[in-house]
Amino acid sequence: MKDDCLFCKIIKKEVPSFILYEDEDLIVILDAYPDADGHTLIIPKKHYNDILELDNDTLIKLFDKAREYTTKLMDKLGKDAITFVINYGEAQVIKHFHLHLIPNYIKKEHKLSKEEVYKLLTEE
């Protein structure tokens, strides 16, 4: 963990977020500044600056969770597409590896609040 990293602070519960899932290795949250309804981030709890530092076991676990949330986002939000985004270098604003899942990114739809999206994704 790094003291100056926003995602490390979210993981330590020092910064509030809409947590969809959490285990010992990963946290899944709604993006604070979504590009579309349901814009979700999958973040390893261990601090990796970027994809080049990420170990294969974590990468596999992360993408397994991404497949699960692809289905969940599309089903619960009625979306027909998901875009996976991994930023690197100057495009990576927060220097803690994370995967974006952005439903219907091409359309950039914003119809729901984060609270409404969170409720839809967390109700059984």
# chains A, B, ... in the order shown; residues from 1 in each chain; ligands from 1

$ closest_atom_pairs --of "region 61-102 of chain A" --to "region 112-123 of chain A" --cutoff "8 Å" --atoms "only C-alpha atoms" --output "JSON lines"
{"residue": "A:Lys72", "atom": "CA", "partner": "A:Leu121", "partner_atom": "CA", "distance": 7.3}
{"residue": "A:Leu73", "atom": "CA", "partner": "A:Leu121", "partner_atom": "CA", "distance": 7.2}
{"residue": "A:Lys76", "atom": "CA", "partner": "A:Leu120", "partner_atom": "CA", "distance": 6.3}
{"residue": "A:Leu77", "atom": "CA", "partner": "A:Leu120", "partner_atom": "CA", "distance": 7.3}

$ residues_around --residues "Lys45 (chain A)" --least-positions-apart "5" --cutoff "9 Å" --atoms "only C-alpha atoms" --output "ChimeraX atom specification"
/A:1,7-8,11,23-27

$ residues_around --residues "Ile42 (chain A)" --least-positions-apart "6" --cutoff "9 Å" --atoms "only C-alpha atoms" --output "PDB file with all heavy atoms, in the first residue's frame"
ATOM      1  N   LEU A  26      -8.817  -8.485  -4.382  1.00  0.00           N
ATOM      2  CA  LEU A  26      -9.420  -7.522  -5.308  1.00  0.00           C
ATOM      3  C   LEU A  26     -10.505  -6.693  -4.634  1.00  0.00           C
ATOM      4  O   LEU A  26     -11.135  -7.138  -3.673  1.00  0.00           O
ATOM      5  CB  LEU A  26     -10.084  -8.240  -6.486  1.00  0.00           C
ATOM      6  CG  LEU A  26      -9.253  -9.149  -7.373  1.00  0.00           C
ATOM      7  CD1 LEU A  26     -10.143  -9.865  -8.367  1.00  0.00           C
ATOM      8  CD2 LEU A  26      -8.166  -8.357  -8.090  1.00  0.00           C
ATOM      9  N   ILE A  27     -10.740  -5.521  -5.199  1.00  0.00           N
ATOM     10  CA  ILE A  27     -11.900  -4.720  -4.847  1.00  0.00           C
ATOM     11  C   ILE A  27     -12.531  -4.267  -6.164  1.00  0.00           C
ATOM     12  O   ILE A  27     -11.821  -3.958  -7.132  1.00  0.00           O
ATOM     13  CB  ILE A  27     -11.526  -3.532  -3.924  1.00  0.00           C
ATOM     14  CG1 ILE A  27     -12.772  -2.848  -3.381  1.00  0.00           C
ATOM     15  CG2 ILE A  27     -10.595  -2.560  -4.620  1.00  0.00           C
ATOM     16  CD1 ILE A  27     -12.484  -1.901  -2.224  1.00  0.00           C
ATOM     17  N   VAL A  28     -13.852  -4.274  -6.219  1.00  0.00           N
ATOM     18  CA  VAL A  28     -14.591  -3.846  -7.400  1.00  0.00           C
ATOM     19  C   VAL A  28     -15.468  -2.674  -6.960  1.00  0.00           C
ATOM     20  O   VAL A  28     -16.255  -2.810  -6.020  1.00  0.00           O
ATOM     21  CB  VAL A  28     -15.464  -4.993  -7.969  1.00  0.00           C
ATOM     22  CG1 VAL A  28     -16.244  -4.522  -9.186  1.00  0.00           C
ATOM     23  CG2 VAL A  28     -14.602  -6.212  -8.309  1.00  0.00           C
ATOM     24  N   ILE A  29     -15.299  -1.532  -7.631  1.00  0.00           N
ATOM     25  CA  ILE A  29     -16.029  -0.326  -7.247  1.00  0.00           C
ATOM     26  C   ILE A  29     -16.616   0.354  -8.474  1.00  0.00           C
ATOM     27  O   ILE A  29     -16.162   0.129  -9.604  1.00  0.00           O
ATOM     28  CB  ILE A  29     -15.121   0.678  -6.496  1.00  0.00           C
ATOM     29  CG1 ILE A  29     -13.985   1.187  -7.387  1.00  0.00           C
ATOM     30  CG2 ILE A  29     -14.575   0.061  -5.214  1.00  0.00           C
ATOM     31  CD1 ILE A  29     -13.158   2.323  -6.794  1.00  0.00           C
ATOM     32  N   LEU A  30     -17.605   1.205  -8.236  1.00  0.00           N
ATOM     33  CA  LEU A  30     -18.091   2.070  -9.301  1.00  0.00           C
ATOM     34  C   LEU A  30     -17.124   3.238  -9.445  1.00  0.00           C
ATOM     35  O   LEU A  30     -16.628   3.774  -8.457  1.00  0.00           O
ATOM     36  CB  LEU A  30     -19.492   2.600  -8.966  1.00  0.00           C
ATOM     37  CG  LEU A  30     -20.600   1.555  -8.960  1.00  0.00           C
ATOM     38  CD1 LEU A  30     -21.919   2.191  -8.541  1.00  0.00           C
ATOM     39  CD2 LEU A  30     -20.746   0.892 -10.325  1.00  0.00           C
ATOM     40  N   LEU A  62      -8.176 -11.250 -11.740  1.00  0.00           N
ATOM     41  CA  LEU A  62      -8.821 -10.001 -12.122  1.00  0.00           C
ATOM     42  C   LEU A  62      -9.718 -10.200 -13.345  1.00  0.00           C
ATOM     43  O   LEU A  62     -10.859  -9.736 -13.368  1.00  0.00           O
ATOM     44  CB  LEU A  62      -7.733  -8.964 -12.388  1.00  0.00           C
ATOM     45  CG  LEU A  62      -8.190  -7.547 -12.583  1.00  0.00           C
ATOM     46  CD1 LEU A  62      -7.296  -6.615 -11.795  1.00  0.00           C
ATOM     47  CD2 LEU A  62      -8.139  -7.179 -14.042  1.00  0.00           C
ATOM     48  N   PHE A  63      -9.223 -10.903 -14.346  1.00  0.00           N
ATOM     49  CA  PHE A  63     -10.033 -11.114 -15.550  1.00  0.00           C
ATOM     50  C   PHE A  63     -11.164 -12.115 -15.317  1.00  0.00           C
ATOM     51  O   PHE A  63     -12.215 -12.012 -15.957  1.00  0.00           O
ATOM     52  CB  PHE A  63      -9.160 -11.484 -16.750  1.00  0.00           C
ATOM     53  CG  PHE A  63      -8.703 -10.259 -17.488  1.00  0.00           C
ATOM     54  CD1 PHE A  63      -7.492  -9.667 -17.177  1.00  0.00           C
ATOM     55  CD2 PHE A  63      -9.500  -9.673 -18.453  1.00  0.00           C
ATOM     56  CE1 PHE A  63      -7.074  -8.516 -17.819  1.00  0.00           C
ATOM     57  CE2 PHE A  63      -9.097  -8.521 -19.112  1.00  0.00           C
ATOM     58  CZ  PHE A  63      -7.887  -7.933 -18.793  1.00  0.00           C
ATOM     59  N   LYS A  65     -12.881 -12.129 -12.563  1.00  0.00           N
ATOM     60  CA  LYS A  65     -13.875 -11.239 -11.956  1.00  0.00           C
ATOM     61  C   LYS A  65     -14.474 -10.314 -13.017  1.00  0.00           C
ATOM     62  O   LYS A  65     -15.668 -10.019 -12.996  1.00  0.00           O
ATOM     63  CB  LYS A  65     -13.224 -10.429 -10.823  1.00  0.00           C
ATOM     64  CG  LYS A  65     -14.188  -9.668  -9.950  1.00  0.00           C
ATOM     65  CD  LYS A  65     -15.267 -10.506  -9.306  1.00  0.00           C
ATOM     66  CE  LYS A  65     -14.778 -11.582  -8.397  1.00  0.00           C
ATOM     67  NZ  LYS A  65     -15.883 -12.419  -7.848  1.00  0.00           N
ATOM     68  N   ALA A  66     -13.675  -9.902 -13.986  1.00  0.00           N
ATOM     69  CA  ALA A  66     -14.176  -9.054 -15.076  1.00  0.00           C
ATOM     70  C   ALA A  66     -15.228  -9.786 -15.902  1.00  0.00           C
ATOM     71  O   ALA A  66     -16.244  -9.195 -16.283  1.00  0.00           O
ATOM     72  CB  ALA A  66     -13.020  -8.597 -15.958  1.00  0.00           C
ATOM     73  N   PHE A  97      -2.508  -0.039 -10.785  1.00  0.00           N
ATOM     74  CA  PHE A  97      -3.155  -0.783 -11.869  1.00  0.00           C
ATOM     75  C   PHE A  97      -4.642  -0.990 -11.580  1.00  0.00           C
ATOM     76  O   PHE A  97      -5.034  -1.310 -10.455  1.00  0.00           O
ATOM     77  CB  PHE A  97      -2.492  -2.156 -12.067  1.00  0.00           C
ATOM     78  CG  PHE A  97      -3.208  -2.957 -13.106  1.00  0.00           C
ATOM     79  CD1 PHE A  97      -2.937  -2.762 -14.438  1.00  0.00           C
ATOM     80  CD2 PHE A  97      -4.197  -3.863 -12.747  1.00  0.00           C
ATOM     81  CE1 PHE A  97      -3.626  -3.469 -15.415  1.00  0.00           C
ATOM     82  CE2 PHE A  97      -4.892  -4.577 -13.711  1.00  0.00           C
ATOM     83  CZ  PHE A  97      -4.608  -4.384 -15.041  1.00  0.00           C
ATOM     84  N   HIS A  98      -5.461  -0.810 -12.612  1.00  0.00           N
ATOM     85  CA  HIS A  98      -6.893  -1.077 -12.510  1.00  0.00           C
ATOM     86  C   HIS A  98      -7.474  -1.314 -13.904  1.00  0.00           C
ATOM     87  O   HIS A  98      -6.930  -0.848 -14.900  1.00  0.00           O
ATOM     88  CB  HIS A  98      -7.633   0.063 -11.803  1.00  0.00           C
ATOM     89  CG  HIS A  98      -7.432   1.408 -12.415  1.00  0.00           C
ATOM     90  ND1 HIS A  98      -6.236   2.103 -12.321  1.00  0.00           N
ATOM     91  CD2 HIS A  98      -8.266   2.200 -13.125  1.00  0.00           C
ATOM     92  CE1 HIS A  98      -6.351   3.268 -12.933  1.00  0.00           C
ATOM     93  NE2 HIS A  98      -7.573   3.350 -13.442  1.00  0.00           N
ATOM     94  N   LEU A  99      -8.535  -2.079 -13.935  1.00  0.00           N
ATOM     95  CA  LEU A  99      -9.241  -2.401 -15.177  1.00  0.00           C
ATOM     96  C   LEU A  99     -10.593  -1.715 -15.146  1.00  0.00           C
ATOM     97  O   LEU A  99     -11.342  -1.844 -14.174  1.00  0.00           O
ATOM     98  CB  LEU A  99      -9.431  -3.921 -15.294  1.00  0.00           C
ATOM     99  CG  LEU A  99     -10.341  -4.425 -16.418  1.00  0.00           C
ATOM    100  CD1 LEU A  99      -9.738  -4.116 -17.782  1.00  0.00           C
ATOM    101  CD2 LEU A  99     -10.582  -5.925 -16.260  1.00  0.00           C
ATOM    102  N   HIS A 100     -10.899  -0.973 -16.214  1.00  0.00           N
ATOM    103  CA  HIS A 100     -12.203  -0.340 -16.362  1.00  0.00           C
ATOM    104  C   HIS A 100     -13.131  -1.273 -17.131  1.00  0.00           C
ATOM    105  O   HIS A 100     -12.735  -1.835 -18.159  1.00  0.00           O
ATOM    106  CB  HIS A 100     -12.096   0.941 -17.210  1.00  0.00           C
ATOM    107  CG  HIS A 100     -11.272   2.018 -16.619  1.00  0.00           C
ATOM    108  ND1 HIS A 100     -11.812   3.123 -16.018  1.00  0.00           N
ATOM    109  CD2 HIS A 100      -9.922   2.184 -16.568  1.00  0.00           C
ATOM    110  CE1 HIS A 100     -10.846   3.927 -15.618  1.00  0.00           C
ATOM    111  NE2 HIS A 100      -9.680   3.368 -15.940  1.00  0.00           N
ATOM    112  N   LEU A 101     -14.355  -1.438 -16.651  1.00  0.00           N
ATOM    113  CA  LEU A 101     -15.430  -2.087 -17.408  1.00  0.00           C
ATOM    114  C   LEU A 101     -16.445  -0.983 -17.674  1.00  0.00           C
ATOM    115  O   LEU A 101     -17.042  -0.444 -16.729  1.00  0.00           O
ATOM    116  CB  LEU A 101     -16.090  -3.207 -16.611  1.00  0.00           C
ATOM    117  CG  LEU A 101     -15.206  -4.338 -16.101  1.00  0.00           C
ATOM    118  CD1 LEU A 101     -16.054  -5.365 -15.355  1.00  0.00           C
ATOM    119  CD2 LEU A 101     -14.458  -4.998 -17.230  1.00  0.00           C
TER     120      LEU A 101
END

$ closest_residue --among "A:Tyr88, A:Tyr33, A:Tyr21, A:Tyr69" --to "Leu52 (chain A)" --atoms "only C-alpha atoms"
A:Tyr88

$ atom_distance --atom1 "CA of Pro103 (chain A)" --atom2 "CA of Lys2 (chain A)"
29.9 Å

$ select_by_dssp --residues "chain A" --states "helix (DSSP H, G or I)" --output "VMD selection string"
chain A and resid 6 to 11 56 to 77 89 to 91 114 to 122

$ write_last_selection --atoms "C-alpha atoms" --output "PDB file, in the first residue's frame"
ATOM      1  CA  LEU A   6      -6.149   7.122  -4.002  1.00  0.00           C
ATOM      2  CA  PHE A   7      -6.947   3.444  -4.639  1.00  0.00           C
ATOM      3  CA  CYS A   8      -4.887   2.320  -1.640  1.00  0.00           C
ATOM      4  CA  LYS A   9      -6.897   4.807   0.448  1.00  0.00           C
ATOM      5  CA  ILE A  10     -10.163   3.365  -0.931  1.00  0.00           C
ATOM      6  CA  ILE A  11      -8.945  -0.164  -0.127  1.00  0.00           C
ATOM      7  CA  ASN A  56       0.044 -13.489 -13.743  1.00  0.00           C
ATOM      8  CA  ASP A  57      -1.992 -14.999 -10.888  1.00  0.00           C
ATOM      9  CA  THR A  58      -3.493 -11.611 -10.032  1.00  0.00           C
ATOM     10  CA  LEU A  59      -4.123 -10.869 -13.697  1.00  0.00           C
ATOM     11  CA  ILE A  60      -6.017 -14.156 -14.124  1.00  0.00           C
ATOM     12  CA  LYS A  61      -8.093 -13.548 -10.990  1.00  0.00           C
ATOM     13  CA  LEU A  62      -8.821 -10.001 -12.122  1.00  0.00           C
ATOM     14  CA  PHE A  63     -10.033 -11.114 -15.550  1.00  0.00           C
ATOM     15  CA  ASP A  64     -12.124 -13.919 -14.035  1.00  0.00           C
ATOM     16  CA  LYS A  65     -13.875 -11.239 -11.956  1.00  0.00           C
ATOM     17  CA  ALA A  66     -14.176  -9.054 -15.076  1.00  0.00           C
ATOM     18  CA  ARG A  67     -16.012 -11.841 -16.915  1.00  0.00           C
ATOM     19  CA  GLU A  68     -18.394 -12.203 -13.973  1.00  0.00           C
ATOM     20  CA  TYR A  69     -19.078  -8.464 -13.845  1.00  0.00           C
ATOM     21  CA  THR A  70     -19.453  -8.189 -17.621  1.00  0.00           C
ATOM     22  CA  THR A  71     -22.470 -10.475 -17.394  1.00  0.00           C
ATOM     23  CA  LYS A  72     -23.793  -8.780 -14.257  1.00  0.00           C
ATOM     24  CA  LEU A  73     -23.492  -5.264 -15.681  1.00  0.00           C
ATOM     25  CA  MET A  74     -25.125  -6.194 -18.968  1.00  0.00           C
ATOM     26  CA  ASP A  75     -27.969  -8.153 -17.327  1.00  0.00           C
ATOM     27  CA  LYS A  76     -28.758  -5.806 -14.429  1.00  0.00           C
ATOM     28  CA  LEU A  77     -28.400  -2.578 -16.410  1.00  0.00           C
ATOM     29  CA  GLY A  89       1.864   5.526 -19.155  1.00  0.00           C
ATOM     30  CA  GLU A  90       0.611   9.105 -19.312  1.00  0.00           C
ATOM     31  CA  ALA A  91      -2.935   7.849 -20.009  1.00  0.00           C
ATOM     32  CA  LYS A 114     -24.328   6.118  -9.009  1.00  0.00           C
ATOM     33  CA  GLU A 115     -26.704   5.321  -6.158  1.00  0.00           C
ATOM     34  CA  GLU A 116     -29.259   3.848  -8.606  1.00  0.00           C
ATOM     35  CA  VAL A 117     -26.582   1.794 -10.374  1.00  0.00           C
ATOM     36  CA  TYR A 118     -25.211   0.559  -7.041  1.00  0.00           C
ATOM     37  CA  LYS A 119     -28.666  -0.522  -5.918  1.00  0.00           C
ATOM     38  CA  LEU A 120     -29.309  -2.405  -9.165  1.00  0.00           C
ATOM     39  CA  LEU A 121     -25.961  -4.201  -8.984  1.00  0.00           C
ATOM     40  CA  THR A 122     -26.094  -5.143  -5.316  1.00  0.00           C
TER      41      THR A 122
END

$ atom_distance --atom1 "CA of His47 (chain A)" --atom2 "CA of Ile102 (chain A)"
22.4 Å

$ closest_residue --among "A:Phe84, A:His96, A:Phe18, A:Gly78" --to "Ile43 (chain A)" --atoms "only C-alpha atoms"
A:His96

$ atom_distance --atom1 "CA of Lys111 (chain A)" --atom2 "CA of Lys79 (chain A)"
12.1 Å

$ select_by_dssp --residues "chain A" --states "strand (DSSP E or B)" --output "ChimeraX atom specification"
/A:19-22,26-30,40-44,82-85,99-103

$ write_last_selection --atoms "N, CA and C atoms" --output "compact mmCIF listing (two decimals), in the first residue's frame"
# COMPACT_ATOMS: atom_id res chain seq x y z
N ILE A 19 -18.62 0.13 -3.18
CA ILE A 19 -17.95 -1.17 -3.31
C ILE A 19 -18.97 -2.22 -3.73
N LEU A 20 -18.71 -2.85 -4.86
CA LEU A 20 -19.59 -3.90 -5.38
C LEU A 20 -19.13 -5.29 -4.94
N TYR A 21 -17.83 -5.44 -4.74
CA TYR A 21 -17.27 -6.74 -4.39
C TYR A 21 -15.90 -6.50 -3.74
N GLU A 22 -15.55 -7.40 -2.82
CA GLU A 22 -14.24 -7.31 -2.19
C GLU A 22 -13.85 -8.68 -1.67
N LEU A 26 -8.82 -8.48 -4.38
CA LEU A 26 -9.42 -7.52 -5.31
C LEU A 26 -10.51 -6.69 -4.63
N ILE A 27 -10.74 -5.52 -5.20
CA ILE A 27 -11.90 -4.72 -4.85
C ILE A 27 -12.53 -4.27 -6.16
N VAL A 28 -13.85 -4.27 -6.22
CA VAL A 28 -14.59 -3.85 -7.40
C VAL A 28 -15.47 -2.67 -6.96
N ILE A 29 -15.30 -1.53 -7.63
CA ILE A 29 -16.03 -0.33 -7.25
C ILE A 29 -16.62 0.35 -8.47
N LEU A 30 -17.60 1.20 -8.24
CA LEU A 30 -18.09 2.07 -9.30
C LEU A 30 -17.12 3.24 -9.45
N THR A 40 -17.33 0.57 -14.04
CA THR A 40 -16.82 -0.18 -12.89
C THR A 40 -15.31 -0.33 -12.98
N LEU A 41 -14.64 -0.34 -11.83
CA LEU A 41 -13.20 -0.55 -11.76
C LEU A 41 -12.91 -1.81 -10.98
N ILE A 42 -12.01 -2.63 -11.48
CA ILE A 42 -11.52 -3.81 -10.76
C ILE A 42 -10.07 -3.52 -10.42
N ILE A 43 -9.78 -3.53 -9.12
CA ILE A 43 -8.48 -3.07 -8.63
C ILE A 43 -7.85 -4.13 -7.73
N PRO A 44 -6.61 -4.51 -8.00
CA PRO A 44 -5.93 -5.41 -7.06
C PRO A 44 -5.64 -4.64 -5.77
N ILE A 82 -19.79 -4.10 -23.54
CA ILE A 82 -18.85 -3.71 -22.47
C ILE A 82 -17.50 -3.43 -23.13
N THR A 83 -16.86 -2.37 -22.72
CA THR A 83 -15.51 -2.06 -23.17
C THR A 83 -14.57 -2.25 -21.99
N PHE A 84 -13.49 -3.01 -22.19
CA PHE A 84 -12.44 -3.18 -21.18
C PHE A 84 -11.35 -2.16 -21.50
N VAL A 85 -10.91 -1.41 -20.49
CA VAL A 85 -9.85 -0.41 -20.71
C VAL A 85 -8.79 -0.56 -19.62
N LEU A 99 -8.53 -2.08 -13.93
CA LEU A 99 -9.24 -2.40 -15.18
C LEU A 99 -10.59 -1.71 -15.15
N HIS A 100 -10.90 -0.97 -16.21
CA HIS A 100 -12.20 -0.34 -16.36
C HIS A 100 -13.13 -1.27 -17.13
N LEU A 101 -14.36 -1.44 -16.65
CA LEU A 101 -15.43 -2.09 -17.41
C LEU A 101 -16.44 -0.98 -17.67
N ILE A 102 -16.63 -0.65 -18.94
CA ILE A 102 -17.50 0.47 -19.28
C ILE A 102 -18.63 -0.03 -20.18
N PRO A 103 -19.85 -0.16 -19.60
CA PRO A 103 -20.99 -0.62 -20.40
C PRO A 103 -21.37 0.41 -21.47

$ closest_residue --among "A:Lys95, A:His39, A:His110, A:Lys46" --to "Lys12 (chain A)" --atoms "only C-alpha atoms"
A:Lys46
